[in-house]
file entry18.cif (mmCIF, C-alpha atoms)
data_data
#
loop_
_atom_site.label_atom_id
_atom_site.label_comp_id
_atom_site.auth_asym_id
_atom_site.auth_seq_id
_atom_site.Cartn_x
_atom_site.Cartn_y
_atom_site.Cartn_z
CA MET A 1 45.32 -16.21 -17.21
CA SER A 2 44.87 -12.49 -17.82
CA VAL A 3 47.47 -9.93 -16.82
CA SER A 4 45.19 -8.67 -14.02
CA ALA A 5 44.87 -12.19 -12.62
CA GLU A 6 48.62 -12.65 -12.76
CA ASN A 7 49.13 -9.38 -10.91
CA LEU A 8 46.61 -10.43 -8.29
CA ARG A 9 48.37 -13.75 -7.86
CA ASP A 10 51.71 -11.97 -7.35
CA GLN A 11 50.16 -9.67 -4.76
CA GLN A 12 48.68 -12.63 -2.93
CA ARG A 13 52.05 -14.36 -2.81
CA VAL A 14 53.65 -11.34 -1.14
CA ILE A 15 50.77 -10.91 1.31
CA TRP A 16 50.64 -14.56 2.39
CA ASP A 17 54.42 -14.73 2.76
CA SER A 18 54.22 -11.76 5.13
CA PHE A 19 51.56 -13.50 7.23
CA ALA A 20 53.36 -16.85 7.56
CA ALA A 21 54.88 -15.93 10.93
CA GLY A 22 51.46 -15.07 12.34
CA TRP A 23 49.98 -18.36 11.18
CA LYS A 24 52.90 -20.23 12.74
CA LYS A 25 52.44 -18.34 16.01
CA TRP A 26 48.73 -19.25 16.21
CA ASP A 27 49.00 -22.73 14.72
CA ALA A 28 47.50 -24.59 17.69
CA GLU A 29 44.53 -22.21 17.85
CA VAL A 30 43.91 -22.44 14.10
CA LEU A 31 44.08 -26.24 14.23
CA GLY A 32 41.55 -26.37 17.05
CA TRP A 33 39.22 -23.94 15.35
CA GLN A 34 39.36 -25.12 11.75
CA GLY A 35 39.90 -28.81 12.50
CA PRO A 36 36.20 -29.71 12.04
CA PHE A 37 36.19 -28.15 8.57
CA GLY A 38 39.31 -30.04 7.53
CA ASP A 39 37.88 -33.26 8.95
CA ALA A 40 34.73 -32.75 6.89
CA VAL A 41 36.79 -32.24 3.72
CA LEU A 42 38.69 -35.45 4.48
CA ASP A 43 35.49 -37.38 5.21
CA ASP A 44 34.02 -36.40 1.86
CA ALA A 45 37.27 -37.32 0.09
CA ARG A 46 36.78 -40.97 1.17
CA LEU A 47 40.49 -41.68 1.50
CA GLY A 48 41.97 -45.15 1.19
CA PRO A 49 45.24 -46.23 2.89
CA ASP A 50 47.20 -46.27 -0.38
CA PHE A 51 45.77 -43.09 -1.96
CA ALA A 52 47.79 -40.42 -3.70
CA VAL A 53 46.34 -37.15 -2.34
CA LEU A 54 46.72 -33.55 -3.52
CA ASP A 55 46.09 -30.63 -1.14
CA VAL A 56 45.75 -27.37 -3.10
CA ALA A 57 46.31 -24.04 -1.31
CA ALA A 58 47.48 -26.02 1.70
CA GLY A 59 48.91 -23.01 3.52
CA THR A 60 50.55 -24.19 6.73
CA GLY A 61 49.59 -27.79 6.01
CA GLU A 62 45.99 -28.68 6.66
CA PRO A 63 44.12 -30.81 5.87
CA GLY A 64 47.01 -32.41 3.94
CA LEU A 65 49.16 -33.27 6.95
CA THR A 66 46.22 -34.97 8.63
CA ALA A 67 45.58 -36.84 5.38
CA ALA A 68 49.17 -38.13 5.45
CA SER A 69 48.42 -40.13 8.58
CA LEU A 70 45.30 -41.57 6.93
CA VAL A 71 47.17 -42.86 3.86
CA PRO A 72 50.10 -44.74 5.43
CA ARG A 73 50.85 -46.58 2.16
CA GLY A 74 50.06 -43.53 0.04
CA THR A 75 51.42 -40.05 -0.57
CA VAL A 76 50.28 -36.47 -0.06
CA ALA A 77 51.39 -33.54 -2.22
CA LEU A 78 50.93 -30.11 -0.62
CA THR A 79 50.90 -27.02 -2.82
CA ASP A 80 50.55 -23.34 -2.07
CA ILE A 81 51.33 -20.04 -3.74
CA SER A 82 53.27 -18.88 -0.65
CA ALA A 83 56.69 -20.35 0.04
CA GLY A 84 56.55 -18.87 3.54
CA MET A 85 53.30 -20.60 4.44
CA LEU A 86 54.42 -23.88 2.93
CA HIS A 87 57.70 -23.72 4.86
CA VAL A 88 55.67 -23.78 8.09
CA ALA A 89 53.93 -26.91 6.78
CA GLU A 90 57.33 -28.51 6.05
CA GLU A 91 58.48 -27.81 9.61
CA LYS A 92 55.33 -29.39 11.00
CA ALA A 93 55.70 -32.47 8.78
CA ALA A 94 59.29 -32.91 9.90
CA ALA A 95 58.33 -32.59 13.55
CA ALA A 96 55.62 -35.23 13.07
CA ARG A 97 58.04 -37.44 11.10
CA LEU A 98 55.71 -37.69 8.13
CA GLY A 99 57.71 -39.31 5.37
CA ASN A 100 54.99 -39.52 2.73
CA VAL A 101 54.52 -35.77 2.14
CA SER A 102 55.96 -33.51 -0.59
CA PHE A 103 55.79 -29.73 -0.99
CA THR A 104 55.48 -27.63 -4.15
CA VAL A 105 55.23 -23.86 -4.35
CA CYS A 106 52.79 -23.05 -7.15
CA ALA A 107 49.46 -21.42 -7.92
CA ALA A 108 46.36 -23.55 -8.33
CA VAL A 109 46.35 -22.82 -12.08
CA ASP A 110 49.95 -24.06 -12.41
CA LEU A 111 49.77 -27.49 -10.78
CA PRO A 112 52.89 -29.27 -12.13
CA PHE A 113 51.49 -32.80 -12.03
CA PRO A 114 50.58 -35.20 -14.85
CA ASP A 115 46.97 -35.83 -15.74
CA ALA A 116 45.12 -38.35 -13.55
CA SER A 117 47.81 -38.40 -10.82
CA PHE A 118 45.68 -38.34 -7.66
CA ASP A 119 42.99 -40.42 -5.99
CA ALA A 120 41.68 -37.42 -4.04
CA VAL A 121 42.05 -33.63 -4.27
CA LEU A 122 41.52 -31.39 -1.22
CA CYS A 123 41.11 -27.62 -0.98
CA ARG A 124 40.21 -26.02 2.36
CA PHE A 125 39.37 -22.31 1.93
CA GLY A 126 41.52 -21.94 -1.18
CA PHE A 127 38.64 -21.17 -3.55
CA LEU A 128 38.04 -17.92 -1.70
CA TYR A 129 41.26 -16.47 -3.07
CA PHE A 130 41.79 -17.95 -6.55
CA PRO A 131 41.74 -15.15 -9.17
CA ASP A 132 40.08 -17.53 -11.65
CA LEU A 133 37.85 -20.09 -9.96
CA ARG A 134 37.02 -22.06 -13.10
CA ALA A 135 40.63 -22.31 -14.24
CA ALA A 136 41.78 -23.48 -10.80
CA LEU A 137 39.04 -26.12 -10.60
CA ALA A 138 39.81 -27.30 -14.13
CA ARG A 139 43.43 -27.95 -13.12
CA MET A 140 42.30 -29.92 -10.08
CA VAL A 141 39.97 -32.02 -12.21
CA ARG A 142 42.78 -32.65 -14.69
CA THR A 143 45.05 -34.06 -11.98
CA ALA A 144 42.31 -36.31 -10.54
CA ARG A 145 41.92 -39.92 -11.61
CA PRO A 146 38.54 -41.25 -12.70
CA GLY A 147 36.56 -41.96 -9.55
CA ALA A 148 38.57 -39.49 -7.46
CA ARG A 149 36.75 -37.13 -5.12
CA ILE A 150 37.47 -33.40 -5.17
CA SER A 151 36.50 -31.96 -1.79
CA ALA A 152 36.55 -28.32 -0.70
CA ALA A 153 35.54 -26.00 2.13
CA VAL A 154 34.48 -22.36 1.78
CA TRP A 155 33.01 -19.98 4.33
CA GLY A 156 29.21 -19.82 4.54
CA ARG A 157 27.10 -16.68 4.60
CA ALA A 158 28.26 -13.62 6.53
CA ALA A 159 25.41 -13.93 9.05
CA GLN A 160 26.71 -17.39 9.97
CA ASN A 161 30.24 -16.14 10.65
CA PRO A 162 30.45 -13.44 13.32
CA TRP A 163 34.11 -14.40 13.84
CA ALA A 164 34.78 -12.38 10.67
CA THR A 165 31.88 -9.94 10.37
CA LEU A 166 32.52 -8.45 13.80
CA VAL A 167 35.72 -6.83 12.57
CA LEU A 168 34.78 -6.40 8.92
CA GLY A 169 31.59 -4.55 9.84
CA SER A 170 33.50 -2.15 12.05
CA LEU A 171 36.09 -1.60 9.32
CA ALA A 172 33.28 -0.72 6.92
CA GLN A 173 31.74 1.71 9.40
CA HIS A 174 34.87 3.52 10.56
CA ALA A 175 37.34 3.06 7.70
CA GLY A 176 35.07 2.77 4.69
CA LEU A 177 36.37 -0.71 3.85
CA MET A 178 33.60 -2.28 1.79
CA PRO A 179 33.25 -5.94 0.75
CA PRO A 180 34.94 -6.74 -2.56
CA PRO A 181 32.81 -7.35 -5.67
CA VAL A 182 31.45 -10.89 -5.83
CA TRP A 183 33.84 -11.77 -8.66
CA MET A 184 36.91 -10.75 -6.61
CA PRO A 185 38.70 -12.88 -4.00
CA GLY A 186 37.24 -12.47 -0.52
CA VAL A 187 36.09 -14.30 2.60
CA PHE A 188 32.44 -14.64 1.53
CA ARG A 189 32.99 -14.94 -2.21
CA CYS A 190 31.62 -18.51 -2.39
CA SER A 191 29.05 -18.23 0.39
CA ALA A 192 25.83 -18.32 -1.64
CA PRO A 193 24.17 -21.75 -1.37
CA GLY A 194 24.61 -23.67 -4.59
CA PHE A 195 27.39 -21.42 -5.91
CA LEU A 196 30.32 -23.82 -5.63
CA PRO A 197 28.27 -26.95 -6.45
CA ALA A 198 27.26 -25.27 -9.72
CA LEU A 199 30.93 -24.73 -10.57
CA PHE A 200 31.70 -28.35 -9.73
CA ARG A 201 28.96 -29.59 -12.05
CA GLU A 202 30.04 -27.16 -14.76
CA ALA A 203 33.55 -28.65 -14.50
CA GLY A 204 32.11 -32.10 -15.25
CA LEU A 205 32.06 -33.54 -11.73
CA ALA A 206 29.34 -36.00 -10.75
CA ASP A 207 27.64 -36.89 -7.44
CA VAL A 208 28.14 -33.32 -6.20
CA THR A 209 27.19 -32.76 -2.56
CA GLU A 210 26.91 -29.66 -0.37
CA ARG A 211 26.59 -29.47 3.41
CA SER A 212 27.27 -27.08 6.27
CA VAL A 213 29.63 -27.59 9.21
CA SER A 214 29.85 -25.24 12.19
CA ALA A 215 32.38 -24.73 14.97
CA ASP A 216 33.26 -22.00 17.47
CA LEU A 217 36.31 -19.78 17.41
CA ILE A 218 37.15 -19.60 21.12
CA HIS A 219 39.34 -17.00 22.82
CA GLU A 220 39.84 -16.31 26.49
CA SER A 221 39.53 -12.54 26.11
CA PRO A 222 38.82 -9.75 23.63
CA GLU A 223 42.54 -8.95 23.65
CA SER A 224 43.39 -12.50 22.55
CA TYR A 225 40.82 -12.41 19.75
CA TRP A 226 42.04 -9.03 18.54
CA GLN A 227 45.67 -10.16 18.47
CA PHE A 228 44.71 -13.36 16.67
CA MET A 229 42.79 -11.52 13.96
CA THR A 230 45.45 -8.88 13.45
CA ASP A 231 48.13 -11.57 13.16
CA ILE A 232 46.45 -13.91 10.66
CA ALA A 233 43.49 -12.18 8.94
CA THR A 234 44.86 -10.49 5.83
CA THR A 235 41.72 -8.47 5.09
CA VAL A 236 41.60 -7.11 8.64
CA CYS A 237 45.25 -6.09 8.67
CA LEU A 238 45.13 -4.45 5.26
CA GLY A 239 41.94 -2.62 6.23
CA LEU A 240 43.43 -1.34 9.48
CA ALA A 241 46.54 -0.18 7.62
CA GLN A 242 44.33 2.05 5.46
CA ALA A 243 42.63 3.64 8.46
CA ASP A 244 43.95 6.66 10.33
CA PRO A 245 44.89 6.30 14.04
CA GLU A 246 41.55 7.68 15.23
CA ALA A 247 39.60 5.20 13.10
CA GLN A 248 41.84 2.35 14.25
CA SER A 249 41.06 3.20 17.86
CA LEU A 250 37.33 3.37 17.14
CA ILE A 251 37.40 0.02 15.38
CA ARG A 252 39.20 -1.68 18.25
CA SER A 253 36.87 -0.17 20.84
CA ASP A 254 33.83 -1.10 18.76
CA VAL A 255 34.95 -4.71 18.36
CA PHE A 256 35.76 -5.11 22.06
CA GLN A 257 32.31 -3.81 23.00
CA MET A 258 30.54 -6.20 20.59
CA LEU A 259 32.56 -9.18 21.81
CA GLY A 260 30.75 -8.94 25.13
CA ARG A 261 27.67 -10.39 23.44
CA TYR A 262 29.58 -13.57 22.68
CA GLU A 263 30.99 -14.28 26.13
CA HIS A 264 29.87 -17.65 27.46
CA GLU A 265 31.28 -19.68 30.33
CA GLY A 266 34.26 -17.39 30.74
CA ALA A 267 35.33 -17.29 27.10
CA ILE A 268 34.56 -15.52 23.83
CA ARG A 269 32.80 -17.97 21.50
CA LEU A 270 32.22 -16.90 17.90
CA ARG A 271 30.23 -19.08 15.53
CA SER A 272 31.96 -20.13 12.33
CA THR A 273 30.16 -21.95 9.52
CA ALA A 274 31.69 -23.46 6.41
CA THR A 275 30.17 -25.11 3.38
CA ILE A 276 31.69 -28.43 2.33
CA VAL A 277 31.36 -29.25 -1.38
CA SER A 278 32.52 -32.45 -3.03
CA GLY A 279 32.24 -34.13 -6.41
CA THR A 280 33.55 -37.17 -8.27
CA ARG A 281 35.52 -37.14 -11.49
CA PRO A 282 33.70 -39.53 -13.85
#

call {"tool": "encode", "arguments": {"input": "entry18.cif", "output": "structure tokens"}}
result
Amino acid sequence: MSVSAENLRDQQRVIWDSFAAGWKKWDAEVLGWQGPFGDAVLDDARLGPDFAVLDVAAGTGEPGLTAASLVPRGTVALTDISAGMLHVAEEKAAAARLGNVSFTVCAAVDLPFPDASFDAVLCRFGFLYFPDLRAALARMVRTARPGARISAAVWGRAAQNPWATLVLGSLAQHAGLMPPPVWMPGVFRCSAPGFLPALFREAGLADVTERSVSADLIHESPESYWQFMTDIATTVCLGLAQADPEAQSLIRSDVFQMLGRYEHEGAIRLRSTATIVSGTRP
């Protein structure tokens, strides 16, 4: 890993640790919203009751904690670069009395597991943030047993995800926050159709599949949506921090006005679309 990638990884660790409290606060809402994407990742993983499962970039625990209930005679190893985020996952596992789950703080390129240790490898939205996509995927493949499925979710195209573009577009307009280069970590880094499947095939995986899954992010009011995004969305918070007070006020007003277009049956409903990509280690 290059020095720049190491620096980026260190920055990410600090950022995600600082957002752990926000993710804990909104855990129920995140579970309801992103549950369909995690379920799709698990479906494509084709879990068996005695599987050893690895969840990379597990954050506050999903889909790994759900996987733990699906492998009652197996085990699930959760990893994440952020100790703060993973601590939330530990608390949730303890509350659910899941005894077949372990937790390891590490980057995706530093997975401390022997070769061919797992029957399935999961990664929901982790690929968006890995400094080196190929290196991270190579480590996942190394830990997978022959026949194991590696299953991942990434966000689809920007036009399919107004939950994010509503704020990001306003940040670009009023604060000059532009999308990162395609080779840098970011929400829509892997959104191009065929992008992640090509990486999977390049890594030697077979039977690679790609499909889209959509769900709605639902909030009762613009205020609730705004608080949610400013508590958990790292890009939004960092962008707002760079804006002056006048720009911050314009951004908030702009977003609230646009949210009116998405009100339906007394709630704000914002479409969210993810791409689910899976492959088998030969």

call {"tool": "closest_residue", "arguments": {"input": "entry18.cif", "among": "A:Val121, A:Leu137, A:Ala158, A:Val213", "to": "A:Ala198", "atoms": "only C-alpha atoms"}}
result
A:Leu137

call {"tool": "residues_around", "arguments": {"input": "entry18.cif", "residues": "A:Ala206", "least_positions_apart": "4", "cutoff": "8 Å", "atoms": "only C-alpha atoms", "output": "PyMOL selection string"}}
result
chain A and resi 201+279-282

call {"tool": "closest_residue", "arguments": {"input": "entry18.cif", "among": "A:Val255, A:Ala96, A:Leu133, A:Ile15", "to": "A:Ala83", "atoms": "only C-alpha atoms"}}
result
A:Ile15

call {"tool": "closest_atom_pairs", "arguments": {"input": "entry18.cif", "of": "stretch 24-141 of chain A", "to": "stretch 228-246 of chain A", "cutoff": "9 Å", "atoms": "all atoms listed in the file", "output": "CSV"}}
result
residue,atom,partner,partner_atom,distance
A:Lys25,CA,A:Asp231,CA,8.5
A:Trp26,CA,A:Phe228,CA,7.1
A:Glu29,CA,A:Phe228,CA,8.9

call {"tool": "write_last_selection", "arguments": {"input": "entry18.cif", "atoms": "C-alpha atoms", "output": "short mmCIF file (atom, residue, chain, number, x, y, z; two decimals), in the coordinates of the input"}}
result
data_model
loop_
_atom_site.label_atom_id
_atom_site.label_comp_id
_atom_site.auth_asym_id
_atom_site.auth_seq_id
_atom_site.Cartn_x
_atom_site.Cartn_y
_atom_site.Cartn_z
CA LYS A 25 52.44 -18.34 16.01
CA TRP A 26 48.73 -19.25 16.21
CA GLU A 29 44.53 -22.21 17.85
#

call {"tool": "closest_residue", "arguments": {"input": "entry18.cif", "among": "A:Gly84, A:Gly48, A:Gly266, A:Pro36", "to": "A:Ser221", "atoms": "all atoms listed in the file"}}
result
A:Gly266

call {"tool": "closest_residue", "arguments": {"input": "entry18.cif", "among": "A:Arg97, A:Arg189, A:Arg145, A:Arg211", "to": "A:Phe127", "atoms": "all atoms listed in the file"}}
result
A:Arg189

call {"tool": "closest_residue", "arguments": {"input": "entry18.cif", "among": "A:Ala203, A:Arg269, A:Asp39, A:Ser253", "to": "A:Ala136", "atoms": "only C-alpha atoms"}}
result
A:Ala203

call {"tool": "resolve_selection", "arguments": {"input": "entry18.cif", "expression": "the PyMOL selection byres ((chain A and resi 175-185) around 6)", "output": "list in words"}}
result
Leu128, Tyr129, Leu171, Ala172, Gln173, His174, Gly186, Arg189 and Ala243 of chain A

call {"tool": "residues_around", "arguments": {"input": "entry18.cif", "residues": "A:Gln12", "least_positions_apart": "4", "cutoff": "9 Å", "atoms": "all atoms listed in the file", "output": "short mmCIF file (atom, residue, chain, number, x, y, z; two decimals) with C-alpha atoms, in the coordinates of the input"}}
result
data_model
loop_
_atom_site.label_atom_id
_atom_site.label_comp_id
_atom_site.auth_asym_id
_atom_site.auth_seq_id
_atom_site.Cartn_x
_atom_site.Cartn_y
_atom_site.Cartn_z
CA ASN A 7 49.13 -9.38 -10.91
CA LEU A 8 46.61 -10.43 -8.29
CA TRP A 16 50.64 -14.56 2.39
CA ASP A 17 54.42 -14.73 2.76
CA ILE A 81 51.33 -20.04 -3.74
CA SER A 82 53.27 -18.88 -0.65
CA TYR A 129 41.26 -16.47 -3.07
#

call {"tool": "resolve_selection", "arguments": {"input": "entry18.cif", "expression": "the PyMOL selection byres ((chain A and resi 106) around 9)", "output": "compact mmCIF listing (two decimals) with C-alpha atoms, in the coordinates of the input"}}
result
# COMPACT_ATOMS: atom_id res chain seq x y z
CA ALA A 57 46.31 -24.04 -1.31
CA THR A 79 50.90 -27.02 -2.82
CA ASP A 80 50.55 -23.34 -2.07
CA ILE A 81 51.33 -20.04 -3.74
CA SER A 82 53.27 -18.88 -0.65
CA ALA A 83 56.69 -20.35 0.04
CA THR A 104 55.48 -27.63 -4.15
CA VAL A 105 55.23 -23.86 -4.35
CA ALA A 107 49.46 -21.42 -7.92
CA ALA A 108 46.36 -23.55 -8.33
CA VAL A 109 46.35 -22.82 -12.08
CA ASP A 110 49.95 -24.06 -12.41
CA LEU A 111 49.77 -27.49 -10.78
CA PRO A 112 52.89 -29.27 -12.13

call {"tool": "closest_residue", "arguments": {"input": "entry18.cif", "among": "A:Gly204, A:Gly61, A:Gly156, A:Pro72", "to": "A:Ala93", "atoms": "all atoms listed in the file"}}
result
A:Gly61

call {"tool": "residues_near_point", "arguments": {"input": "entry18.cif", "point": "(35.1, -41.5, -1.6)", "cutoff": "9 Å", "atoms": "all atoms listed in the file", "output": "PDB file with C-alpha atoms, in the coordinates of the input"}}
result
ATOM      1  CA  ASP A  43      35.490 -37.380   5.210  1.00  0.00           C
ATOM      2  CA  ASP A  44      34.020 -36.400   1.860  1.00  0.00           C
ATOM      3  CA  ALA A  45      37.270 -37.320   0.090  1.00  0.00           C
ATOM      4  CA  ARG A  46      36.780 -40.970   1.170  1.00  0.00           C
ATOM      5  CA  LEU A  47      40.490 -41.680   1.500  1.00  0.00           C
ATOM      6  CA  GLY A  48      41.970 -45.150   1.190  1.00  0.00           C
ATOM      7  CA  ALA A 120      41.680 -37.420  -4.040  1.00  0.00           C
ATOM      8  CA  GLY A 147      36.560 -41.960  -9.550  1.00  0.00           C
ATOM      9  CA  ALA A 148      38.570 -39.490  -7.460  1.00  0.00           C
ATOM     10  CA  ARG A 149      36.750 -37.130  -5.120  1.00  0.00           C
ATOM     11  CA  THR A 280      33.550 -37.170  -8.270  1.00  0.00           C
TER      12      THR A 280
END
